[in-house]
Amino acid sequence: MPTVSLFALVSLGLILGGSHLRIVLSNLMNGITAHMSWAYLGIYIINFIFFMFLAFSHFGKIKLGHANDKPEYSSFQWGSMVFATAIDASILMLSMVDPLRYVQHPIFGDKPYSAAAYGDAHMLGQFNWGPMAWMMFASATVAIAYVMYVRNARVMRISSAISFLKGPERYKKVIRQIIDFLVVFGIMGGIGSSVGMEIPVLSKIINQITGVPDTLFLKLFMFLILFIIFAVTVFHGIKGGIDRLSAAHIWTAIGFLLIVLFIGPTLTIFRDEGNSLRLMVTKFITMSTGTTTTGSPDIVKNETIFYWGWWLSYMPVMGLFIARISRGCTIRQVVVGMLGYGALGCMSFYAILGGYSLYLQQTGVINLVHILNTQGQAAAIAAVLSTLPLKMLMLIIYSISCFIFLATTISSSAFIVSSFTSRHLAPGEQPSQFNRLIWVIVFIIFSFGIVFVGGFKTVQAISSIAGFPLIVVCGLLLISICQMIHQDQKVIQAKKKTVLFMPHVTPEIVRKQKRVEIALASYLHEQPRNQSDPELS
């Protein structure tokens with residue numbers, strides 16, 4: 001109840017504050033960008049290097065489970081659930097408009113709208129949704145799965161996966177409670193920001209398809225539809241609910257991308273993507289460390305800090321979810337799976353949808369930058385889709401895809417948070433349907449509060465603010481993983497040394513030792529002994 005009450009109070013504050021909060025949140029975002037960007041960049045660098053080493057060293061072979069445990073899901077099922085849970089409709093929207101923002105304010109000091117600016121604009125979005133971003137989920141995933149499946153302990157909260165905070169000491173309990181609060185705060189920001197950004201865009205597109213006025217009532221109706229989808233999916237749980245929705249999510253996404261790829265300038269998209277991959281490799285360190293040279297530092301930093309905060313805010317939910325479906329996998333399989341299904345999947349959206357938007361702008365087919373700056377994201381997205389054949393059909397397919405993306409992410413998140421807040425839950429047991437439904441309602445109300453405030457800057461600010469405290473949580477999880485693996489490796493090494501220091505032990509010695517043990521047991525229990533028994537001679 002305390003966490004639900006917290007959500008309710010914040011939601012009420014957003015609704016009462018309305019558009020007046022927009023300036024306050026915008027100033028907070030600018031302050032974080034100016035003074036705290038080093039913290040976001042630092043934790044991402046440390047986290048990325050840590051898991052690259054862990055996965056591709058001998059530690060990557062550690063199985064998250066017992067020796068005979070096998071993965072519960074196929075590789076495609078696992079990957080689709082991971083991707084669908086982490087990526088909501090945001091990528092269908094931002095992959096079209098982010099490159100348009102970047103080409104106006106290019107990094108590395110390029111001239112706006114130059115060939116170099118277009119190349120960097122195509123690449124930067126893929127960096128923000130690429131390997132470094134996806135590795136942020138690994139810290140919570142590996143820590144939780146290790147505790148659950150290697151050490152056979154129950155984990156209902158992120159704090160339970162931090163091994164050195166276990167114990168009855170008062171200071172440890174206080175720290176665990178603080179961590180749990182920060183996690184809830186992060187979840188509020190991540191989920192709310194996603195829905196708060198996506199509903200207004202979808203509302204605008206539905207207005208263009210149907211002619212229904214884009215009013216608050218239309219947005220409320222959309223929230224009602226989402227609530228019904230969320231409720232049905234969450235009631236069914238992971239099997240038969242979330243897994244099926246995830247599969248629909250993936251196939252819908254693949255279908256939409258293929259349509260745009262083959263209807264649009266296919267060869268140009270492939271050529272530009274090859275250039276983007278080259279740029280990402282050559283400029284990866286520069287972008288990771290925030291040392292780009294640009295005439296508009298706030299624009300570039302705002303985007304990166306926004307995304308780094310957003311991924312951090314999703315880290316607890318994704319860690320709990322991915323850990324739950326990863327029993328029997330090795331650490332290497334989990335990390336490589338995130339990079340393959342997650343990072344490459346996201347990059348494909350920017351390659352195709354972002355590449356198509358930049359193509360339309362660069363060739364002069366339509367001035368998308370002007371539409372974005374004067375009418376907003378929804379109008380720019382609708383303008384991109386209107387250039388495709390069968391405009392109305394494409395708008396409908398796009399809207400359905402967005403709804404499925406949204407439903408998958410929120411349903412999975414509500415399922416995990418309900419598990420997180422359940423007090424008495426046996427291993428393998430799912431949270432009660434009532435608990436799941438309560439969290440669906442809470443997410444809907446909080447997201448509506450963000451929609452009520454309005455503005456993309458609001459979404460950026462809430463994501464960045466929510467993710468900031470989780471920088472500390474991520475650091476604690478990395479320390480915990482190091483400690484657990486080190487301790488277990490000491491046990492393994494001790495067993496190996498025992499064998500090495502007893503090379504003289506032979507099967508004959510073992511048999512004689514057994515005969516002595518049998519004789520001793522017989523004597524202690526005062527049982528009659530057969531003196532002629534060869535086993536005792």
# chains A, B, ... in the order shown; residues from 1 in each chain; ligands from 1

call {"tool": "select_by_dssp", "arguments": {"residues": "region 67-295 of chain A", "states": "helix (DSSP H, G or I)", "output": "JSON, numbers by chain"}}
result
{"A": [75, 76, 77, 78, 79, 80, 81, 82, 83, 84, 85, 86, 90, 91, 92, 93, 94, 95, 96, 97, 98, 99, 100, 101, 102, 103, 104, 115, 116, 117, 118, 119, 120, 121, 122, 123, 124, 125, 126, 127, 128, 131, 132, 133, 134, 135, 136, 137, 138, 139, 140, 141, 142, 143, 144, 145, 146, 147, 148, 149, 150, 158, 159, 160, 161, 163, 164, 165, 170, 171, 172, 173, 174, 175, 176, 177, 178, 179, 180, 181, 182, 183, 184, 185, 186, 187, 188, 189, 190, 191, 192, 193, 194, 195, 196, 197, 198, 199, 200, 201, 202, 203, 204, 205, 206, 207, 208, 209, 210, 216, 217, 218, 219, 220, 221, 222, 223, 224, 225, 226, 227, 228, 229, 230, 231, 232, 233, 234, 235, 236, 238, 239, 240, 241, 242, 243, 244, 245, 246, 247, 248, 249, 250, 251, 252, 253, 254, 255, 256, 257, 258, 259, 260, 261, 262, 263, 266, 267, 268, 269, 270, 271, 272, 273, 274, 275, 276, 277, 278, 279, 280, 281, 282, 283, 284, 285, 286, 287, 288]}

call {"tool": "atom_distance", "arguments": {"atom1": "CA of Leu368 (chain A)", "atom2": "CA of Ala380 (chain A)"}}
result
5.9 Å

call {"tool": "residues_around", "arguments": {"residues": "Met338 (chain A)", "least_positions_apart": "3", "cutoff": "10 Å", "atoms": "only C-alpha atoms", "output": "PyMOL selection string"}}
result
chain A and resi 78-79+82-83+130-131+134-135+137-138+322+332-335+341-345

call {"tool": "residues_around", "arguments": {"residues": "Gly264 (chain A)", "least_positions_apart": "3", "cutoff": "8 Å", "atoms": "only C-alpha atoms", "output": "PyMOL selection string"}}
result
chain A and resi 260-261+356+388

call {"tool": "atom_distance", "arguments": {"atom1": "CA of Ile285 (chain A)", "atom2": "CA of Gly119 (chain A)"}}
result
17.4 Å

call {"tool": "atom_distance", "arguments": {"atom1": "CA of Ile371 (chain A)", "atom2": "CA of Ala383 (chain A)"}}
result
8.2 Å

call {"tool": "residues_around", "arguments": {"residues": "Val155 (chain A)", "least_positions_apart": "6", "cutoff": "7 Å", "atoms": "only C-alpha atoms", "output": "list of chain:residue names"}}
result
A:Ile144, A:Met148, A:Ala161

call {"tool": "closest_residue", "arguments": {"among": "A:Ile479, A:Ile15, A:Ala351, A:Val384", "to": "Ala121 (chain A)", "atoms": "only C-alpha atoms"}}
result
A:Ala351
